[in-house]
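Visitor: Pasting protein.tsv here (TSV, N, CA and C atoms and all ligand atoms):
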```
chain	number	residue	atom	x	y	z
A	1	MET	N	13.03	-20.27	30.44
A	1	MET	CA	11.60	-20.16	30.15
A	1	MET	C	11.32	-18.86	29.40
A	2	ARG	N	11.95	-17.79	29.91
A	2	ARG	CA	11.73	-16.49	29.27
A	2	ARG	C	12.23	-16.54	27.82
A	3	LEU	N	13.34	-17.26	27.64
A	3	LEU	CA	13.92	-17.38	26.29
A	3	LEU	C	12.95	-18.10	25.35
A	4	LEU	N	12.28	-19.12	25.89
A	4	LEU	CA	11.33	-19.88	25.08
A	4	LEU	C	10.20	-18.97	24.60
A	5	PHE	N	9.69	-18.14	25.51
A	5	PHE	CA	8.61	-17.22	25.12
A	5	PHE	C	9.10	-16.26	24.05
A	6	ALA	N	10.33	-15.79	24.23
A	6	ALA	CA	10.90	-14.86	23.25
A	6	ALA	C	11.00	-15.54	21.89
A	7	ALA	N	11.42	-16.81	21.90
A	7	ALA	CA	11.55	-17.55	20.64
A	7	ALA	C	10.18	-17.74	19.99
A	8	LEU	N	9.19	-18.04	20.80
A	8	LEU	CA	7.83	-18.23	20.26
A	8	LEU	C	7.32	-16.92	19.67
A	9	ALA	N	7.57	-15.82	20.37
A	9	ALA	CA	7.12	-14.52	19.89
A	9	ALA	C	7.79	-14.20	18.56
A	10	MET	N	9.08	-14.49	18.47
A	10	MET	CA	9.82	-14.24	17.23
A	10	MET	C	9.22	-15.06	16.08
A	11	THR	N	8.93	-16.33	16.37
A	11	THR	CA	8.38	-17.21	15.35
A	11	THR	C	7.05	-16.65	14.86
A	12	ALA	N	6.22	-16.19	15.81
A	12	ALA	CA	4.91	-15.64	15.43
A	12	ALA	C	5.12	-14.42	14.53
A	13	LEU	N	6.09	-13.58	14.90
A	13	LEU	CA	6.37	-12.38	14.11
A	13	LEU	C	6.81	-12.77	12.70
A	14	LEU	N	7.69	-13.75	12.61
A	14	LEU	CA	8.21	-14.17	11.30
A	14	LEU	C	7.10	-14.73	10.44
A	15	ILE	N	6.22	-15.53	11.05
A	15	ILE	CA	5.10	-16.10	10.29
A	15	ILE	C	4.22	-14.96	9.77
A	16	GLY	N	3.96	-13.99	10.66
A	16	GLY	CA	3.13	-12.87	10.25
A	16	GLY	C	3.76	-12.10	9.10
A	17	ALA	N	5.07	-11.90	9.19
A	17	ALA	CA	5.75	-11.08	8.19
A	17	ALA	C	5.85	-11.78	6.85
A	18	THR	N	5.86	-13.10	6.88
A	18	THR	CA	6.08	-13.82	5.62
A	18	THR	C	4.80	-14.45	5.08
A	19	ALA	N	3.64	-14.08	5.68
A	19	ALA	CA	2.38	-14.62	5.18
A	19	ALA	C	2.32	-14.33	3.69
A	20	SER	N	2.29	-15.37	2.89
A	20	SER	CA	2.38	-15.15	1.45
A	20	SER	C	1.00	-14.86	0.86
A	21	ALA	N	1.01	-13.99	-0.12
A	21	ALA	CA	-0.24	-13.63	-0.78
A	21	ALA	C	-0.71	-14.80	-1.63
A	22	THR	N	-2.01	-14.89	-1.78
A	22	THR	CA	-2.62	-15.96	-2.59
A	22	THR	C	-2.55	-15.59	-4.06
A	23	ASP	N	-2.26	-16.55	-4.88
A	23	ASP	CA	-2.21	-16.29	-6.33
A	23	ASP	C	-3.60	-16.06	-6.90
A	24	ALA	N	-3.68	-15.17	-7.86
A	24	ALA	CA	-4.92	-14.94	-8.60
A	24	ALA	C	-4.67	-15.32	-10.05
A	25	PRO	N	-5.73	-15.78	-10.76
A	25	PRO	CA	-5.56	-16.06	-12.19
A	25	PRO	C	-5.07	-14.79	-12.90
A	26	ALA	N	-4.17	-14.97	-13.85
A	26	ALA	CA	-3.59	-13.81	-14.54
A	26	ALA	C	-4.64	-12.99	-15.27
A	27	ASN	N	-5.75	-13.66	-15.67
A	27	ASN	CA	-6.77	-12.93	-16.44
A	27	ASN	C	-7.93	-12.44	-15.57
A	28	ALA	N	-7.81	-12.55	-14.25
A	28	ALA	CA	-8.88	-12.08	-13.37
A	28	ALA	C	-8.90	-10.56	-13.34
A	29	TYR	N	-10.10	-10.00	-13.31
A	29	TYR	CA	-10.18	-8.56	-13.12
A	29	TYR	C	-11.50	-8.19	-12.45
A	30	CYS	N	-11.51	-7.06	-11.79
A	30	CYS	CA	-12.76	-6.59	-11.20
A	30	CYS	C	-13.02	-5.17	-11.67
A	31	TYR	N	-14.26	-4.79	-11.57
A	31	TYR	CA	-14.68	-3.48	-12.08
A	31	TYR	C	-15.91	-3.02	-11.32
A	32	ILE	N	-16.13	-1.73	-11.33
A	32	ILE	CA	-17.33	-1.17	-10.72
A	32	ILE	C	-18.39	-1.08	-11.82
A	33	GLY	N	-19.44	-1.87	-11.69
A	33	GLY	CA	-20.49	-1.91	-12.71
A	33	GLY	C	-21.40	-0.70	-12.64
A	34	TRP	N	-21.50	-0.11	-11.48
A	34	TRP	CA	-22.30	1.08	-11.23
A	34	TRP	C	-21.81	1.71	-9.96
A	35	PRO	N	-21.70	3.00	-9.81
A	35	PRO	CA	-21.99	4.03	-10.83
A	35	PRO	C	-20.88	4.12	-11.88
A	36	ALA	N	-21.15	4.85	-12.94
A	36	ALA	CA	-20.16	5.07	-13.99
A	36	ALA	C	-19.14	6.11	-13.53
A	37	ASP	N	-17.96	6.02	-14.11
A	37	ASP	CA	-16.92	7.00	-13.83
A	37	ASP	C	-17.45	8.38	-14.23
A	38	GLY	N	-17.32	9.35	-13.33
A	38	GLY	CA	-17.79	10.71	-13.62
A	38	GLY	C	-19.25	10.96	-13.27
A	39	ALA	N	-19.92	9.96	-12.72
A	39	ALA	CA	-21.34	10.11	-12.39
A	39	ALA	C	-21.55	11.23	-11.37
A	40	VAL	N	-22.66	11.92	-11.53
A	40	VAL	CA	-23.08	12.93	-10.54
A	40	VAL	C	-24.30	12.36	-9.83
A	41	LEU	N	-24.20	12.27	-8.50
A	41	LEU	CA	-25.24	11.60	-7.72
A	41	LEU	C	-25.88	12.59	-6.75
A	42	PRO	N	-27.18	12.44	-6.53
A	42	PRO	CA	-27.87	13.39	-5.64
A	42	PRO	C	-27.45	13.23	-4.18
A	43	ALA	N	-27.16	14.35	-3.52
A	43	ALA	CA	-26.77	14.32	-2.11
A	43	ALA	C	-27.95	13.89	-1.25
A	44	GLY	N	-27.63	13.27	-0.14
A	44	GLY	CA	-28.66	12.86	0.80
A	44	GLY	C	-29.45	11.65	0.38
A	45	LYS	N	-28.99	11.01	-0.70
A	45	LYS	CA	-29.70	9.83	-1.19
A	45	LYS	C	-28.68	8.71	-1.39
A	46	PRO	N	-28.74	7.64	-0.57
A	46	PRO	CA	-27.78	6.55	-0.74
A	46	PRO	C	-27.82	6.00	-2.16
A	47	PHE	N	-26.67	5.61	-2.67
A	47	PHE	CA	-26.64	5.03	-4.01
A	47	PHE	C	-26.00	3.65	-3.97
A	48	ARG	N	-26.38	2.82	-4.92
A	48	ARG	CA	-25.91	1.46	-4.98
A	48	ARG	C	-24.59	1.38	-5.74
A	49	VAL	N	-23.69	0.53	-5.27
A	49	VAL	CA	-22.44	0.27	-5.99
A	49	VAL	C	-22.42	-1.21	-6.35
A	50	TRP	N	-22.26	-1.51	-7.63
A	50	TRP	CA	-22.20	-2.90	-8.09
A	50	TRP	C	-20.76	-3.32	-8.26
A	51	PHE	N	-20.44	-4.49	-7.71
A	51	PHE	CA	-19.08	-5.02	-7.81
A	51	PHE	C	-19.05	-6.07	-8.93
A	52	GLY	N	-18.19	-5.87	-9.90
A	52	GLY	CA	-18.05	-6.85	-10.98
A	52	GLY	C	-16.75	-7.61	-10.83
A	53	LEU	N	-16.78	-8.89	-11.19
A	53	LEU	CA	-15.59	-9.74	-11.10
A	53	LEU	C	-15.63	-10.76	-12.23
A	54	ARG	N	-14.52	-10.93	-12.91
A	54	ARG	CA	-14.44	-11.90	-14.01
A	54	ARG	C	-13.24	-12.83	-13.83
A	55	ASN	N	-13.45	-14.07	-14.22
A	55	ASN	CA	-12.38	-15.09	-14.21
A	55	ASN	C	-11.88	-15.42	-12.80
A	56	MET	N	-12.76	-15.20	-11.84
A	56	MET	CA	-12.43	-15.48	-10.46
A	56	MET	C	-13.75	-15.55	-9.70
A	57	GLY	N	-13.78	-16.23	-8.57
A	57	GLY	CA	-15.02	-16.36	-7.81
A	57	GLY	C	-14.99	-15.61	-6.50
A	58	VAL	N	-16.17	-15.43	-5.91
A	58	VAL	CA	-16.28	-14.76	-4.62
A	58	VAL	C	-16.46	-15.83	-3.54
A	59	ALA	N	-15.69	-15.72	-2.48
A	59	ALA	CA	-15.84	-16.60	-1.31
A	59	ALA	C	-15.80	-15.72	-0.07
A	60	PRO	N	-16.52	-16.09	0.97
A	60	PRO	CA	-16.49	-15.27	2.19
A	60	PRO	C	-15.10	-15.26	2.83
A	61	LYS	N	-14.87	-14.28	3.69
A	61	LYS	CA	-13.61	-14.23	4.43
A	61	LYS	C	-13.43	-15.54	5.20
A	62	GLY	N	-12.19	-15.94	5.37
A	62	GLY	CA	-11.91	-17.15	6.14
A	62	GLY	C	-12.02	-18.43	5.32
A	63	VAL	N	-12.53	-18.32	4.11
A	63	VAL	CA	-12.67	-19.50	3.25
A	63	VAL	C	-11.55	-19.48	2.21
A	64	ALA	N	-10.60	-20.41	2.36
A	64	ALA	CA	-9.48	-20.48	1.43
A	64	ALA	C	-9.84	-21.46	0.32
A	65	PHE	N	-10.15	-20.95	-0.84
A	65	PHE	CA	-10.52	-21.79	-1.98
A	65	PHE	C	-9.86	-21.17	-3.19
A	66	GLU	N	-9.28	-22.03	-4.01
A	66	GLU	CA	-8.50	-21.55	-5.15
A	66	GLU	C	-9.28	-20.57	-6.04
A	67	ASN	N	-8.60	-19.55	-6.48
A	67	ASN	CA	-9.17	-18.56	-7.42
A	67	ASN	C	-10.42	-17.86	-6.90
A	68	THR	N	-10.44	-17.60	-5.59
A	68	THR	CA	-11.55	-16.84	-5.01
A	68	THR	C	-11.01	-15.74	-4.10
A	69	GLY	N	-11.90	-14.87	-3.71
A	69	GLY	CA	-11.57	-13.80	-2.77
A	69	GLY	C	-12.83	-13.04	-2.45
A	70	HIS	N	-12.69	-11.98	-1.66
A	70	HIS	CA	-13.86	-11.12	-1.40
A	70	HIS	C	-13.51	-9.67	-1.71
A	71	HIS	N	-14.56	-8.91	-1.97
A	71	HIS	CA	-14.39	-7.53	-2.41
A	71	HIS	C	-14.05	-6.58	-1.26
A	72	HIS	N	-13.27	-5.56	-1.59
A	72	HIS	CA	-13.00	-4.44	-0.68
A	72	HIS	C	-13.24	-3.19	-1.49
A	73	LEU	N	-13.96	-2.26	-0.92
A	73	LEU	CA	-14.23	-1.00	-1.61
A	73	LEU	C	-13.37	0.08	-0.96
A	74	LEU	N	-12.52	0.68	-1.77
A	74	LEU	CA	-11.63	1.74	-1.29
A	74	LEU	C	-12.29	3.08	-1.63
A	75	ILE	N	-12.50	3.88	-0.61
A	75	ILE	CA	-13.19	5.16	-0.79
A	75	ILE	C	-12.23	6.29	-0.45
A	76	ASP	N	-12.00	7.15	-1.42
A	76	ASP	CA	-11.15	8.33	-1.21
A	76	ASP	C	-9.76	7.96	-0.68
A	77	THR	N	-9.22	6.87	-1.16
A	77	THR	CA	-7.88	6.47	-0.73
A	77	THR	C	-7.20	5.69	-1.84
A	78	GLY	N	-5.88	5.62	-1.78
A	78	GLY	CA	-5.11	4.84	-2.75
A	78	GLY	C	-5.07	3.38	-2.35
A	79	LEU	N	-4.31	2.61	-3.12
A	79	LEU	CA	-4.18	1.19	-2.82
A	79	LEU	C	-3.35	0.99	-1.56
A	80	PRO	N	-3.77	0.06	-0.69
A	80	PRO	CA	-2.95	-0.25	0.50
A	80	PRO	C	-1.71	-1.03	0.08
A	81	PRO	N	-0.73	-1.13	0.97
A	81	PRO	CA	0.51	-1.86	0.63
A	81	PRO	C	0.23	-3.30	0.22
A	82	ALA	N	0.98	-3.80	-0.76
A	82	ALA	CA	0.84	-5.18	-1.21
A	82	ALA	C	1.31	-6.14	-0.11
A	83	GLY	N	0.72	-7.32	-0.10
A	83	GLY	CA	1.19	-8.36	0.81
A	83	GLY	C	0.82	-8.16	2.26
A	84	GLN	N	-0.02	-7.16	2.53
A	84	GLN	CA	-0.43	-6.91	3.91
A	84	GLN	C	-1.94	-6.92	4.02
A	85	VAL	N	-2.42	-7.16	5.24
A	85	VAL	CA	-3.86	-7.16	5.48
A	85	VAL	C	-4.44	-5.79	5.11
A	86	ILE	N	-5.50	-5.79	4.36
A	86	ILE	CA	-6.16	-4.54	3.95
A	86	ILE	C	-6.76	-3.90	5.21
A	87	PRO	N	-6.48	-2.61	5.45
A	87	PRO	CA	-7.06	-1.98	6.64
A	87	PRO	C	-8.58	-2.06	6.62
A	88	SER	N	-9.17	-1.93	7.79
A	88	SER	CA	-10.62	-1.93	7.90
A	88	SER	C	-11.03	-0.64	8.58
A	89	ASP	N	-11.50	0.31	7.79
A	89	ASP	CA	-11.93	1.60	8.34
A	89	ASP	C	-12.90	2.23	7.35
A	90	ARG	N	-13.23	3.49	7.55
A	90	ARG	CA	-14.25	4.13	6.70
A	90	ARG	C	-13.78	4.29	5.25
A	91	ASN	N	-12.48	4.18	5.01
A	91	ASN	CA	-11.95	4.27	3.65
A	91	ASN	C	-11.72	2.91	3.01
A	92	HIS	N	-11.79	1.85	3.81
A	92	HIS	CA	-11.55	0.49	3.32
A	92	HIS	C	-12.67	-0.40	3.84
A	93	LEU	N	-13.67	-0.63	3.01
A	93	LEU	CA	-14.81	-1.46	3.45
A	93	LEU	C	-14.61	-2.89	2.98
A	94	HIS	N	-14.80	-3.84	3.91
A	94	HIS	CA	-14.67	-5.26	3.60
A	94	HIS	C	-16.05	-5.86	3.36
A	95	PHE	N	-16.14	-6.71	2.36
A	95	PHE	CA	-17.40	-7.41	2.10
A	95	PHE	C	-17.15	-8.90	2.29
A	96	GLY	N	-16.90	-9.23	3.56
A	96	GLY	CA	-16.47	-10.57	3.95
A	96	GLY	C	-17.54	-11.63	3.89
A	97	ALA	N	-18.78	-11.23	3.66
A	97	ALA	CA	-19.84	-12.23	3.52
A	97	ALA	C	-20.00	-12.62	2.05
A	98	GLY	N	-19.16	-12.03	1.19
A	98	GLY	CA	-19.25	-12.35	-0.22
A	98	GLY	C	-20.22	-11.46	-0.99
A	99	GLU	N	-20.55	-10.31	-0.39
A	99	GLU	CA	-21.47	-9.38	-1.06
A	99	GLU	C	-20.89	-8.91	-2.40
A	100	THR	N	-21.79	-8.64	-3.35
A	100	THR	CA	-21.33	-8.14	-4.65
A	100	THR	C	-21.97	-6.78	-4.97
A	101	GLU	N	-22.53	-6.15	-3.97
A	101	GLU	CA	-23.01	-4.77	-4.11
A	101	GLU	C	-23.17	-4.19	-2.72
A	102	THR	N	-23.30	-2.86	-2.67
A	102	THR	CA	-23.55	-2.21	-1.39
A	102	THR	C	-24.26	-0.89	-1.64
A	103	MET	N	-24.75	-0.28	-0.58
A	103	MET	CA	-25.31	1.05	-0.66
A	103	MET	C	-24.35	2.00	0.04
A	104	LEU	N	-24.08	3.12	-0.61
A	104	LEU	CA	-23.17	4.12	-0.02
A	104	LEU	C	-23.92	5.42	0.16
A	105	ASP	N	-23.59	6.11	1.22
A	105	ASP	CA	-24.15	7.44	1.46
A	105	ASP	C	-22.96	8.35	1.76
A	106	LEU	N	-22.50	9.05	0.74
A	106	LEU	CA	-21.31	9.88	0.89
A	106	LEU	C	-21.69	11.36	0.98
A	107	PRO	N	-20.93	12.14	1.71
A	107	PRO	CA	-21.22	13.57	1.82
A	107	PRO	C	-20.98	14.28	0.48
A	108	PRO	N	-21.59	15.46	0.30
A	108	PRO	CA	-21.38	16.21	-0.94
A	108	PRO	C	-19.90	16.42	-1.21
A	109	GLY	N	-19.54	16.35	-2.49
A	109	GLY	CA	-18.14	16.53	-2.88
A	109	GLY	C	-17.75	15.50	-3.91
A	110	THR	N	-16.46	15.50	-4.24
A	110	THR	CA	-15.92	14.55	-5.20
A	110	THR	C	-15.29	13.39	-4.44
A	111	HIS	N	-15.59	12.19	-4.88
A	111	HIS	CA	-15.08	11.00	-4.19
A	111	HIS	C	-14.51	10.00	-5.20
A	112	THR	N	-13.52	9.24	-4.76
A	112	THR	CA	-13.01	8.17	-5.60
A	112	THR	C	-13.45	6.82	-5.02
A	113	LEU	N	-13.69	5.90	-5.93
A	113	LEU	CA	-14.09	4.53	-5.56
A	113	LEU	C	-13.22	3.56	-6.34
A	114	GLN	N	-12.78	2.51	-5.68
A	114	GLN	CA	-11.97	1.49	-6.33
A	114	GLN	C	-12.17	0.17	-5.61
A	115	LEU	N	-12.24	-0.90	-6.38
A	115	LEU	CA	-12.40	-2.24	-5.78
A	115	LEU	C	-11.05	-2.94	-5.73
A	116	LEU	N	-10.85	-3.69	-4.68
A	116	LEU	CA	-9.63	-4.50	-4.52
A	116	LEU	C	-10.04	-5.84	-3.92
A	117	MET	N	-9.67	-6.92	-4.60
A	117	MET	CA	-9.97	-8.23	-4.04
A	117	MET	C	-8.95	-8.58	-2.96
A	118	GLY	N	-9.43	-9.30	-1.96
A	118	GLY	CA	-8.54	-9.81	-0.91
A	118	GLY	C	-8.80	-11.29	-0.74
A	119	ASP	N	-7.81	-12.01	-0.26
A	119	ASP	CA	-7.99	-13.45	-0.07
A	119	ASP	C	-8.69	-13.72	1.26
A	120	ASP	N	-8.71	-14.98	1.67
A	120	ASP	CA	-9.41	-15.36	2.90
A	120	ASP	C	-8.87	-14.63	4.13
A	121	LYS	N	-7.63	-14.14	4.04
A	121	LYS	CA	-7.00	-13.43	5.16
A	121	LYS	C	-6.99	-11.92	4.92
A	122	HIS	N	-7.74	-11.44	3.94
A	122	HIS	CA	-7.84	-10.00	3.63
A	122	HIS	C	-6.55	-9.44	3.05
A	123	ILE	N	-5.76	-10.27	2.42
A	123	ILE	CA	-4.51	-9.82	1.80
A	123	ILE	C	-4.72	-9.80	0.28
A	124	PRO	N	-4.32	-8.71	-0.39
A	124	PRO	CA	-4.47	-8.67	-1.86
A	124	PRO	C	-3.75	-9.84	-2.52
A	125	HIS	N	-4.30	-10.30	-3.63
A	125	HIS	CA	-3.71	-11.44	-4.34
A	125	HIS	C	-2.45	-11.02	-5.09
A	126	THR	N	-1.77	-12.04	-5.62
A	126	THR	CA	-0.64	-11.82	-6.53
A	126	THR	C	-1.00	-12.45	-7.86
A	127	PRO	N	-1.10	-11.67	-8.97
A	127	PRO	CA	-1.07	-10.19	-8.97
A	127	PRO	C	-2.34	-9.63	-8.35
A	128	PRO	N	-2.31	-8.37	-7.89
A	128	PRO	CA	-3.50	-7.79	-7.28
A	128	PRO	C	-4.65	-7.71	-8.28
A	129	VAL	N	-5.86	-8.01	-7.81
A	129	VAL	CA	-7.06	-7.91	-8.65
A	129	VAL	C	-7.76	-6.63	-8.20
A	130	VAL	N	-7.62	-5.61	-9.02
A	130	VAL	CA	-8.05	-4.28	-8.62
A	130	VAL	C	-8.76	-3.61	-9.78
A	131	SER	N	-9.78	-2.85	-9.47
A	131	SER	CA	-10.53	-2.16	-10.53
A	131	SER	C	-9.87	-0.83	-10.86
A	132	LYS	N	-10.34	-0.24	-11.93
A	132	LYS	CA	-10.00	1.14	-12.24
A	132	LYS	C	-10.56	2.00	-11.10
A	133	ARG	N	-9.87	3.08	-10.76
A	133	ARG	CA	-10.39	3.98	-9.74
A	133	ARG	C	-11.30	5.00	-10.43
A	134	ILE	N	-12.55	5.08	-10.00
A	134	ILE	CA	-13.47	6.01	-10.61
A	134	ILE	C	-13.72	7.20	-9.70
A	135	THR	N	-14.21	8.27	-10.28
A	135	THR	CA	-14.54	9.47	-9.52
A	135	THR	C	-16.03	9.74	-9.66
A	136	VAL	N	-16.68	10.02	-8.56
A	136	VAL	CA	-18.09	10.40	-8.59
A	136	VAL	C	-18.25	11.71	-7.84
A	137	THR	N	-19.26	12.45	-8.21
A	137	THR	CA	-19.54	13.72	-7.53
A	137	THR	C	-20.91	13.63	-6.88
A	138	VAL	N	-20.95	13.95	-5.60
A	138	VAL	CA	-22.22	13.97	-4.87
A	138	VAL	C	-22.58	15.44	-4.67
A	139	ARG	N	-23.78	15.83	-5.15
A	139	ARG	CA	-24.18	17.22	-4.93
A	139	ARG	C	-25.70	17.39	-5.05
B	1	CU	CU	-11.46	-8.36	3.77
```
I'd like the structure from this file rewritten - as structure tokens, please.
Ligand SMILES: [Cu+2]

Guide:
Amino acid sequence: MRLLFAALAMTALLIGATASATDAPANAYCYIGWPADGAVLPAGKPFRVWFGLRNMGVAPKGVAFENTGHHHLLIDTGLPPAGQVIPSDRNHLHFGAGETETMLDLPPGTHTLQLLMGDDKHIPHTPPVVSKRITVTVR
């Protein structure tokens, strides 16, 4: 009996490890429509971030539909590892309801922003659909 549980646990681990990334159209791309790279934004005032996406559609998390995904906003961090679930924390915001914009309130200083699409399971596509990383200054 114990062996059976061990085998089941192993199977679960293998499935988790080999979860394959969803394909994205080769011409899909995303971009930050606002703010512009290098923008200087007033401190203490939330600002809007527009998510742009071309040649691909937005679908909420949990919805597996061809050529779709949902946005993730990476703040002050690099790209997460490929083929793995995108972390969910203050540096990795998920927009699992299919949102295409958000309001951010960042502390004074220089910050980087970058968009990364994830599939229904929050895993980046193959190839990854990722925006240019922009820098904004809050002061
Ligand atoms: Cu997600």

Visitor: Nearest to Leu115 of chain A among A:His92, A:Lys61, A:His72, A:Arg139, with distances taken over only C-alpha atoms: which residue is it?

Guide: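 Of the candidates, the smallest distance to Leu115 of chain A is held by A:His72.
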
Visitor: Identify the residues around (-15.9, -9.6, 0.9) within a radius of 9 Å, measuring from only C-alpha atoms in the coordinates stated by the file, and give them as a list in words.

Guide: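 Every residue inside that radius is included here: Val58, Ala59, Pro60, Lys61, Gly69, His70, His71, His72, Leu93, His94, Phe95, Gly96, Ala97, Gly98, Glu99, Thr100, Met117, Gly118, Asp119, Asp120 and His122 of chain A.
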
Visitor: Could you check how far atom C of Gly44 of chain A sits from atom CA of Asp105 of chain A, in Å to one decimal?

Guide: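 Going from atom C of Gly44 of chain A over to atom CA of Asp105 of chain A covers 6.9 Å.
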
Visitor: In terms of the shortest atom-to-atom distance over only C-alpha atoms, which of A:Asn91, A:Thr102, A:Gln84, A:Thr137 is closest to Gly33 of chain A?

Guide: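 The answer is A:Thr102, which sits nearest to Gly33 of chain A.
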
Visitor: Check the smallest atom-to-atom distance from each of A:Ile75, A:Ile86, A:Ala43, A:Ala21 to ligand CU 1 (chain B) using all atoms listed in the file, then report the winner.

Guide: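 Smallest distance to ligand CU 1 (chain B) is found for A:Ile86.
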
Visitor: Tell me, which residues of chain A carry DSSP helix (DSSP H, G or I), written as a PyMOL selection string?

Guide: chain A and resi 2-17

Visitor: Please determine, counting only N, CA and C atoms and all ligand atoms, which residue among A:Ser88, A:Thr22, A:Asn55, A:Thr135 has the shortest atom-to-atom distance to ligand CU 1 (chain B).

Guide: A:Ser88

Visitor: Which residue is closest to ligand CU 1 (chain B)? Choose from A:Ala26, A:Lys121, A:Leu74, A:Val138 and count all atoms listed in the file.

Guide: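 Comparing A:Ala26, A:Lys121, A:Leu74, A:Val138 against ligand CU 1 (chain B), the winner is A:Lys121.
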
Visitor: What is the distance between atom CA of Phe47 of chain A and atom CU of ligand CU 1 (chain B), in Å to one decimal?

Guide: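 Atom-to-atom, atom CA of Phe47 of chain A to atom CU of ligand CU 1 (chain B), that is 21.7 Å.
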
Visitor: Which neighbours of Gly57 of chain A fall inside 8 Å, counting only C-alpha atoms, when residues of the same chain fewer than 4 positions from it are skipped, and could you give them as a list in words?

Guide: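 Residues meeting the cut-off are Leu53, Asn67, Thr68 and Gly69 of chain A.
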
Visitor: Tell me which of A:Arg48, A:Asp89, A:Glu101, A:Gln114 sits closest to Thr77 of chain A, counting all atoms listed in the file.

Guide: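 Looking at the shortest contact to Thr77 of chain A, the residue is A:Gln114.
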
Visitor: Quick one: pull the distance between atom C of Val130 of chain A and atom N of Gly109 of chain A, Å, one decimal.

Guide: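 For atom C of Val130 of chain A relative to atom N of Gly109 of chain A, the distance reads 23.8 Å.
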
Visitor: Please return, as a VMD selection string, all residues of segment 52-119 of chain A that DSSP assigns to strand (DSSP E) on the basis of the backbone.

Guide: chain A and resid 52 to 54 57 to 58 68 to 75 92 to 94 101 to 104 109 to 118

Visitor: Could you write out that same residue set with N, CA and C atoms as a CSV table (one decimal), keeping the file's coordinate frame?

Guide:
```
chain,number,residue,atom,x,y,z
A,52,GLY,N,-18.2,-5.9,-9.9
A,52,GLY,CA,-18.0,-6.8,-11.0
A,52,GLY,C,-16.8,-7.6,-10.8
A,53,LEU,N,-16.8,-8.9,-11.2
A,53,LEU,CA,-15.6,-9.7,-11.1
A,53,LEU,C,-15.6,-10.8,-12.2
A,54,ARG,N,-14.5,-10.9,-12.9
A,54,ARG,CA,-14.4,-11.9,-14.0
A,54,ARG,C,-13.2,-12.8,-13.8
A,57,GLY,N,-13.8,-16.2,-8.6
A,57,GLY,CA,-15.0,-16.4,-7.8
A,57,GLY,C,-15.0,-15.6,-6.5
A,58,VAL,N,-16.2,-15.4,-5.9
A,58,VAL,CA,-16.3,-14.8,-4.6
A,58,VAL,C,-16.5,-15.8,-3.5
A,68,THR,N,-10.4,-17.6,-5.6
A,68,THR,CA,-11.6,-16.8,-5.0
A,68,THR,C,-11.0,-15.7,-4.1
A,69,GLY,N,-11.9,-14.9,-3.7
A,69,GLY,CA,-11.6,-13.8,-2.8
A,69,GLY,C,-12.8,-13.0,-2.4
A,70,HIS,N,-12.7,-12.0,-1.7
A,70,HIS,CA,-13.9,-11.1,-1.4
A,70,HIS,C,-13.5,-9.7,-1.7
A,71,HIS,N,-14.6,-8.9,-2.0
A,71,HIS,CA,-14.4,-7.5,-2.4
A,71,HIS,C,-14.0,-6.6,-1.3
A,72,HIS,N,-13.3,-5.6,-1.6
A,72,HIS,CA,-13.0,-4.4,-0.7
A,72,HIS,C,-13.2,-3.2,-1.5
A,73,LEU,N,-14.0,-2.3,-0.9
A,73,LEU,CA,-14.2,-1.0,-1.6
A,73,LEU,C,-13.4,0.1,-1.0
A,74,LEU,N,-12.5,0.7,-1.8
A,74,LEU,CA,-11.6,1.7,-1.3
A,74,LEU,C,-12.3,3.1,-1.6
A,75,ILE,N,-12.5,3.9,-0.6
A,75,ILE,CA,-13.2,5.2,-0.8
A,75,ILE,C,-12.2,6.3,-0.4
A,92,HIS,N,-11.8,1.8,3.8
A,92,HIS,CA,-11.6,0.5,3.3
A,92,HIS,C,-12.7,-0.4,3.8
A,93,LEU,N,-13.7,-0.6,3.0
A,93,LEU,CA,-14.8,-1.5,3.4
A,93,LEU,C,-14.6,-2.9,3.0
A,94,HIS,N,-14.8,-3.8,3.9
A,94,HIS,CA,-14.7,-5.3,3.6
A,94,HIS,C,-16.0,-5.9,3.4
A,101,GLU,N,-22.5,-6.2,-4.0
A,101,GLU,CA,-23.0,-4.8,-4.1
A,101,GLU,C,-23.2,-4.2,-2.7
A,102,THR,N,-23.3,-2.9,-2.7
A,102,THR,CA,-23.6,-2.2,-1.4
A,102,THR,C,-24.3,-0.9,-1.6
A,103,MET,N,-24.8,-0.3,-0.6
A,103,MET,CA,-25.3,1.0,-0.7
A,103,MET,C,-24.4,2.0,0.0
A,104,LEU,N,-24.1,3.1,-0.6
A,104,LEU,CA,-23.2,4.1,0.0
A,104,LEU,C,-23.9,5.4,0.2
A,109,GLY,N,-19.5,16.4,-2.5
A,109,GLY,CA,-18.1,16.5,-2.9
A,109,GLY,C,-17.8,15.5,-3.9
A,110,THR,N,-16.5,15.5,-4.2
A,110,THR,CA,-15.9,14.6,-5.2
A,110,THR,C,-15.3,13.4,-4.4
A,111,HIS,N,-15.6,12.2,-4.9
A,111,HIS,CA,-15.1,11.0,-4.2
A,111,HIS,C,-14.5,10.0,-5.2
A,112,THR,N,-13.5,9.2,-4.8
A,112,THR,CA,-13.0,8.2,-5.6
A,112,THR,C,-13.4,6.8,-5.0
A,113,LEU,N,-13.7,5.9,-5.9
A,113,LEU,CA,-14.1,4.5,-5.6
A,113,LEU,C,-13.2,3.6,-6.3
A,114,GLN,N,-12.8,2.5,-5.7
A,114,GLN,CA,-12.0,1.5,-6.3
A,114,GLN,C,-12.2,0.2,-5.6
A,115,LEU,N,-12.2,-0.9,-6.4
A,115,LEU,CA,-12.4,-2.2,-5.8
A,115,LEU,C,-11.0,-2.9,-5.7
A,116,LEU,N,-10.8,-3.7,-4.7
A,116,LEU,CA,-9.6,-4.5,-4.5
A,116,LEU,C,-10.0,-5.8,-3.9
A,117,MET,N,-9.7,-6.9,-4.6
A,117,MET,CA,-10.0,-8.2,-4.0
A,117,MET,C,-9.0,-8.6,-3.0
A,118,GLY,N,-9.4,-9.3,-2.0
A,118,GLY,CA,-8.5,-9.8,-0.9
A,118,GLY,C,-8.8,-11.3,-0.7
```
